[in-house]
Amino acid sequence: MNDIAKRFTENPLLSPADLKSSSEGLEITCLLNPGVFKFENKTWLIVRVAERPGQKEGIISFPILTESGTEIIEIQLDDADLIATDARVINYKKVDYLTTLSHLRLLCSDDGIRFYEPEGYPLLMGEGILQSFGIEDCRVTFLDDKYYLTFTAVSGNGVGVGMRSTHDWKQFESHGMIMPPHNKDCAIFEEKINGKYFALHRPSSVDIGGNFIWLAESPDAIHWGNHKCIARTREGHWDSARVGAGASPIKTEKGWLEIYHGANSQHQYCLGALLLDLDDPSKVLARTEDPIMVPTAPYELSGFFGNVVFTNGHLLDPDGDTLTLYYGASDEFVCGAHFSINEIFTMLKYNHA
Ligand code: MAN
């Protein structure tokens with residue numbers, strides 16, 4: 001299938017081998033899903049670095065965080081209590097674990113293509129019992145002179161949305177878990193609407209309901225309420241199994257444009273777009289019928305978890321039309337692509353009430 005993404009010829013921009021692991025016993029398995037922001041005239045990525053020990057034959061091993069540091073769990077692959085059918089997550093003795101432990105790392109660039117690790121900036125590791133399986137897929141929202149980071153916080157207690165904020169990317173304030181399990185893909189709007197903050201998020205229902213995109217509002221961007229379900233999965237479509245917000249919505253004259261990911265039951269992850277009413281973002285004005293990006297390049301088709309394009313960060317050019325989107329490809333590489341906002345508009349199908 002054709003899509004409207006103009007992929008960087010330099011892709012993949014970053015691979016696991018490009019960075020050093022956070023400690024000696026670990027290897028970087030995946031480098032993926034960067035949040036994106038501008039700071040001190042540079043383009044910055046806050047990438048998810050997923051690590052595990054080098055794998056030995058016949059054994060699966062992965063790290064978790066405990067009060068006394070990083071602990072490695074080792075399980076024999078032929079253990080009857082192990083279910084290991086998904087590269088990302090296993091079940092052992094009826095308990096789910098992730099196969100890698102993720103932290104967040106800052107990279108910057110002058111040209112938006114070649115990224116390096118600047119000196120003097122900390123790695124962001126999971127902290128406390130709600131982040132013992134790591135932190136992932138960070139969205140960055142600039143609000144009231146502060147950067148707000150919303151990310152997936154994973155532990156044996158469940159998958160929720162954690163938040164930290166910073167002025168300088170050196171010191172961070174933690175706001176704890178702002179949305180409890182099961183929830184992820186939280187992107188805060190970069191301005192208030194009618195005096196309130198808004199955020200998209202993705203709770204999951206195991207029984208009635210599904211993996212749908214919701215909207216919430218807040219007086220302070222930390223405490224969220226008045227939740228509304230605004231976009232559901234569509235049977236028979238590319239987004240039939242799960243949908244989740246990308247980065248903060250883009251303000252356009254037609255409405256708030258949100259790039260989101262959708263997956264089908266074969267775990268193929270594509271990107272699409274939603275258009276929300278400027279004044280009342282719970283109103284979905286239009287949605288793309290077909291995806292705007294489909295995994296097709298070799299680095300999107302095969303890797304740690306193939307057939308995946310996933311985004312949680314982009315920058316809008318001052319021309320108001322060129323969108324530079326950064327994305328994770330096959331859960332292993334960081335890539336870039338350009339889109340034209342006007343071209344995305346031509347793919348939207350309006351809801352005529
Ligand atoms: C899913 C995938 C993984 C992720 C876990 C926890 O299994 O999105 O990449 O690590 O959820 O968030």
# chains A, B, ... in the order shown; residues from 1 in each chain; ligands from 1

$ residues_around --residues "Leu101 (chain A)" --least-positions-apart "6" --cutoff "7 Å" --atoms "only C-alpha atoms" --output "list in words"
Ala50, Glu51, Arg52, Pro63, Ile64, Phe133 and Gly134 of chain A

$ residues_near_ligand --ligand "ligand 1" --cutoff "7 Å" --atoms "only C-alpha atoms and all ligand atoms" --output "list in words"
Arg88, Val89, Leu98, Glu136, Thr152, Val154 and Val159 of chain A

$ write_last_selection --atoms "all heavy atoms" --output "short mmCIF file (atom, residue, chain, number, x, y, z; two decimals), in the first residue's frame"
data_model
loop_
_atom_site.label_atom_id
_atom_site.label_comp_id
_atom_site.auth_asym_id
_atom_site.auth_seq_id
_atom_site.Cartn_x
_atom_site.Cartn_y
_atom_site.Cartn_z
N ARG A 88 7.89 -8.98 23.06
CA ARG A 88 7.91 -7.84 23.98
C ARG A 88 7.58 -8.19 25.41
O ARG A 88 7.97 -7.50 26.35
CB ARG A 88 6.90 -6.78 23.49
CG ARG A 88 7.14 -6.35 22.07
CD ARG A 88 5.97 -5.56 21.53
NE ARG A 88 4.74 -6.35 21.47
CZ ARG A 88 3.57 -5.88 21.05
NH1 ARG A 88 3.47 -4.63 20.65
NH2 ARG A 88 2.50 -6.65 21.03
N VAL A 89 6.78 -9.26 25.57
CA VAL A 89 6.27 -9.55 26.92
C VAL A 89 6.16 -11.06 27.11
O VAL A 89 5.86 -11.79 26.17
CB VAL A 89 4.93 -8.79 27.14
CG1 VAL A 89 4.02 -8.89 25.95
CG2 VAL A 89 4.19 -9.23 28.37
N LEU A 98 8.02 -7.75 31.16
CA LEU A 98 8.55 -7.29 29.88
C LEU A 98 9.89 -7.98 29.63
O LEU A 98 10.63 -8.27 30.58
CB LEU A 98 8.74 -5.77 29.90
CG LEU A 98 7.48 -4.92 30.04
CD1 LEU A 98 7.83 -3.43 30.01
CD2 LEU A 98 6.48 -5.25 28.93
N GLU A 136 8.61 4.35 29.35
CA GLU A 136 8.60 4.17 27.90
C GLU A 136 7.84 5.29 27.19
O GLU A 136 6.94 5.89 27.76
CB GLU A 136 7.85 2.87 27.56
CG GLU A 136 8.31 1.67 28.34
CD GLU A 136 7.47 0.42 28.05
OE1 GLU A 136 6.35 0.56 27.51
OE2 GLU A 136 7.96 -0.68 28.35
N THR A 152 4.86 6.06 29.66
CA THR A 152 4.28 4.83 30.16
C THR A 152 5.13 4.33 31.33
O THR A 152 6.35 4.21 31.19
CB THR A 152 4.24 3.77 29.03
OG1 THR A 152 3.56 4.36 27.92
CG2 THR A 152 3.52 2.52 29.47
N VAL A 154 5.67 1.24 33.84
CA VAL A 154 5.30 -0.18 33.86
C VAL A 154 5.85 -0.84 35.12
O VAL A 154 6.99 -0.62 35.53
CB VAL A 154 5.87 -0.91 32.61
CG1 VAL A 154 5.22 -2.29 32.48
CG2 VAL A 154 5.68 -0.11 31.35
N VAL A 159 0.20 -1.02 33.92
CA VAL A 159 0.79 -0.07 32.98
C VAL A 159 -0.02 1.23 33.09
O VAL A 159 -1.22 1.23 32.79
CB VAL A 159 0.70 -0.62 31.53
CG1 VAL A 159 1.20 0.40 30.52
CG2 VAL A 159 1.46 -1.94 31.40
#

$ residues_around --residues "His103 (chain A)" --least-positions-apart "6" --cutoff "8 Å" --atoms "only C-alpha atoms" --output "compact mmCIF listing (two decimals) with all heavy atoms, in the first residue's frame"
# COMPACT_ATOMS: atom_id res chain seq x y z
N ARG A 48 13.43 6.09 23.92
CA ARG A 48 13.26 4.92 24.80
C ARG A 48 14.38 3.95 24.48
O ARG A 48 14.56 3.52 23.33
CB ARG A 48 11.89 4.29 24.51
CG ARG A 48 11.71 2.93 25.14
CD ARG A 48 10.31 2.42 24.87
NE ARG A 48 10.16 1.04 25.25
CZ ARG A 48 9.14 0.28 24.90
NH1 ARG A 48 8.17 0.79 24.13
NH2 ARG A 48 9.06 -0.97 25.29
N VAL A 49 15.16 3.63 25.50
CA VAL A 49 16.28 2.70 25.36
C VAL A 49 15.88 1.42 26.10
O VAL A 49 15.72 1.44 27.32
CB VAL A 49 17.56 3.29 25.97
CG1 VAL A 49 18.74 2.35 25.78
CG2 VAL A 49 17.88 4.66 25.38
N ALA A 50 15.70 0.34 25.36
CA ALA A 50 15.25 -0.91 25.97
C ALA A 50 16.44 -1.87 26.07
O ALA A 50 17.11 -2.14 25.07
CB ALA A 50 14.13 -1.52 25.14
N LEU A 123 20.31 10.37 32.48
CA LEU A 123 19.40 9.35 31.95
C LEU A 123 18.18 9.38 32.86
O LEU A 123 18.31 9.56 34.07
CB LEU A 123 19.99 7.94 32.07
CG LEU A 123 21.35 7.65 31.49
CD1 LEU A 123 21.65 6.15 31.62
CD2 LEU A 123 21.39 8.07 30.04
N LEU A 124 17.01 9.15 32.31
CA LEU A 124 15.83 9.09 33.17
C LEU A 124 15.46 7.62 33.34
O LEU A 124 15.09 6.95 32.37
CB LEU A 124 14.65 9.85 32.54
CG LEU A 124 14.66 11.36 32.76
CD1 LEU A 124 15.72 12.05 31.93
CD2 LEU A 124 13.31 11.93 32.44
N MET A 125 15.62 7.13 34.58
CA MET A 125 15.34 5.73 34.86
C MET A 125 13.99 5.65 35.58
O MET A 125 13.52 6.63 36.17
CB MET A 125 16.40 5.16 35.81
CG MET A 125 17.83 5.35 35.36
SD MET A 125 18.21 4.47 33.85
CE MET A 125 18.91 3.02 34.50
N GLY A 126 13.42 4.46 35.57
CA GLY A 126 12.22 4.22 36.36
C GLY A 126 12.55 4.44 37.83
O GLY A 126 13.66 4.15 38.28
N GLY A 134 10.20 -0.31 34.14
CA GLY A 134 10.73 0.71 33.25
C GLY A 134 9.75 1.80 32.87
O GLY A 134 8.57 1.79 33.24
N ILE A 135 10.28 2.79 32.11
CA ILE A 135 9.47 3.90 31.60
C ILE A 135 9.68 4.00 30.09
O ILE A 135 10.79 3.77 29.59
CB ILE A 135 9.76 5.22 32.34
CG1 ILE A 135 11.26 5.57 32.36
CG2 ILE A 135 9.23 5.16 33.75
CD1 ILE A 135 11.56 6.93 32.99
N GLU A 136 8.61 4.35 29.35
CA GLU A 136 8.60 4.17 27.90
C GLU A 136 7.84 5.29 27.19
O GLU A 136 6.94 5.89 27.76
CB GLU A 136 7.85 2.87 27.56
CG GLU A 136 8.31 1.67 28.34
CD GLU A 136 7.47 0.42 28.05
OE1 GLU A 136 6.35 0.56 27.51
OE2 GLU A 136 7.96 -0.68 28.35

$ closest_residue --among "A:Gly54, A:Gly320, A:Gly210, A:Gly246" --to "Thr141 (chain A)" --atoms "only C-alpha atoms"
A:Gly246

$ closest_residue --among "A:Val308, A:Val284, A:Ile113, A:Ile60" --to "Thr99 (chain A)" --atoms "only C-alpha atoms"
A:Ile60

$ atom_distance --atom1 "CA of Pro34 (chain A)" --atom2 "CA of Thr311 (chain A)"
7.4 Å

$ residues_around --residues "region 169-186 of chain A" --least-positions-apart "3" --cutoff "6 Å" --atoms "only C-alpha atoms" --output "list in words"
Tyr121, Thr152, Gly158, Val159, Gly160, Val161, Gly162, Met163, Arg164, Ser165, Thr166, Leu200, His201, Arg202, Pro203, Ser204, Gly244 and Ala245 of chain A

$ closest_residue --among "A:Phe8, A:Phe304, A:Tyr148, A:Tyr97" --to "Ala337 (chain A)" --atoms "only C-alpha atoms"
A:Phe8

$ atom_distance --atom1 "CA of Tyr116 (chain A)" --atom2 "CA of Phe151 (chain A)"
22.0 Å

$ closest_residue --among "A:Asp86, A:Glu253, A:Asp279, A:Asp290" --to "Phe305 (chain A)" --atoms "only C-alpha atoms"
A:Asp86

$ decode --residues "region 57-89 of chain A" --atoms "N, CA and C atoms" --output "CSV table (one decimal), in the first residue's frame"
chain,number,residue,atom,x,y,z
A,57,GLU,N,22.0,-19.3,25.4
A,57,GLU,CA,21.2,-20.3,24.8
A,57,GLU,C,20.3,-21.0,25.8
A,58,GLY,N,19.1,-21.2,25.5
A,58,GLY,CA,18.1,-22.0,26.3
A,58,GLY,C,17.6,-21.2,27.5
A,59,ILE,N,18.0,-19.9,27.6
A,59,ILE,CA,17.5,-19.1,28.8
A,59,ILE,C,17.0,-17.8,28.3
A,60,ILE,N,15.9,-17.3,28.9
A,60,ILE,CA,15.5,-15.9,28.6
A,60,ILE,C,15.8,-15.2,29.9
A,61,SER,N,16.5,-14.0,29.7
A,61,SER,CA,16.8,-13.2,30.9
A,61,SER,C,16.5,-11.8,30.6
A,62,PHE,N,16.0,-11.1,31.7
A,62,PHE,CA,15.6,-9.7,31.5
A,62,PHE,C,15.8,-9.0,32.9
A,63,PRO,N,16.0,-7.7,32.9
A,63,PRO,CA,16.2,-6.9,34.1
A,63,PRO,C,14.9,-6.4,34.7
A,64,ILE,N,14.8,-6.2,36.0
A,64,ILE,CA,13.8,-5.4,36.6
A,64,ILE,C,14.4,-4.5,37.6
A,65,LEU,N,13.8,-3.4,38.0
A,65,LEU,CA,14.3,-2.6,39.0
A,65,LEU,C,13.8,-2.9,40.4
A,66,THR,N,14.6,-3.0,41.4
A,66,THR,CA,14.2,-3.3,42.7
A,66,THR,C,14.8,-2.2,43.6
A,67,GLU,N,14.4,-2.2,44.9
A,67,GLU,CA,14.9,-1.1,45.8
A,67,GLU,C,16.4,-1.1,45.9
A,68,SER,N,17.0,-2.3,45.7
A,68,SER,CA,18.4,-2.3,45.9
A,68,SER,C,19.2,-2.3,44.5
A,69,GLY,N,18.5,-2.0,43.4
A,69,GLY,CA,19.1,-1.8,42.2
A,69,GLY,C,18.5,-2.7,41.1
A,70,THR,N,19.3,-3.0,40.0
A,70,THR,CA,18.8,-3.8,38.9
A,70,THR,C,19.0,-5.3,39.3
A,71,GLU,N,17.9,-6.0,39.1
A,71,GLU,CA,18.0,-7.5,39.3
A,71,GLU,C,17.7,-8.2,38.0
A,72,ILE,N,18.5,-9.3,37.7
A,72,ILE,CA,18.2,-10.0,36.5
A,72,ILE,C,17.4,-11.3,36.8
A,73,ILE,N,16.3,-11.4,36.1
A,73,ILE,CA,15.5,-12.7,36.2
A,73,ILE,C,15.9,-13.6,35.0
A,74,GLU,N,16.2,-14.9,35.4
A,74,GLU,CA,16.5,-15.9,34.3
A,74,GLU,C,15.6,-17.0,34.4
A,75,ILE,N,15.0,-17.4,33.2
A,75,ILE,CA,14.1,-18.5,33.2
A,75,ILE,C,14.5,-19.4,32.0
A,76,GLN,N,14.5,-20.7,32.3
A,76,GLN,CA,14.8,-21.7,31.2
A,76,GLN,C,13.7,-21.7,30.2
A,77,LEU,N,14.1,-21.7,28.9
A,77,LEU,CA,13.1,-21.6,27.9
A,77,LEU,C,12.1,-22.8,27.8
A,78,ASP,N,12.6,-23.9,28.3
A,78,ASP,CA,11.7,-25.1,28.3
A,78,ASP,C,10.9,-25.2,29.6
A,79,ASP,N,10.9,-24.2,30.4
A,79,ASP,CA,10.1,-24.3,31.6
A,79,ASP,C,8.6,-24.3,31.3
A,80,ALA,N,7.9,-25.3,31.8
A,80,ALA,CA,6.5,-25.4,31.5
A,80,ALA,C,5.7,-24.2,31.9
A,81,ASP,N,6.2,-23.5,32.9
A,81,ASP,CA,5.4,-22.3,33.4
A,81,ASP,C,5.6,-21.0,32.6
A,82,LEU,N,6.4,-21.2,31.5
A,82,LEU,CA,6.8,-20.0,30.7
A,82,LEU,C,6.0,-19.9,29.4
A,83,ILE,N,5.3,-18.7,29.2
A,83,ILE,CA,4.7,-18.5,27.9
A,83,ILE,C,5.5,-17.4,27.2
A,84,ALA,N,6.2,-17.7,26.1
A,84,ALA,CA,7.0,-16.6,25.5
A,84,ALA,C,6.7,-16.6,24.0
A,85,THR,N,5.5,-16.0,23.6
A,85,THR,CA,5.1,-16.0,22.2
A,85,THR,C,5.2,-14.6,21.6
A,86,ASP,N,5.4,-13.6,22.4
A,86,ASP,CA,5.5,-12.2,22.0
A,86,ASP,C,6.9,-11.7,22.3
A,87,ALA,N,7.6,-11.1,21.4
A,87,ALA,CA,9.0,-10.7,21.7
A,87,ALA,C,9.0,-9.7,22.8
A,88,ARG,N,7.9,-9.0,23.1
A,88,ARG,CA,7.9,-7.8,24.0
A,88,ARG,C,7.6,-8.2,25.4
A,89,VAL,N,6.8,-9.3,25.6
A,89,VAL,CA,6.3,-9.6,26.9
A,89,VAL,C,6.2,-11.1,27.1
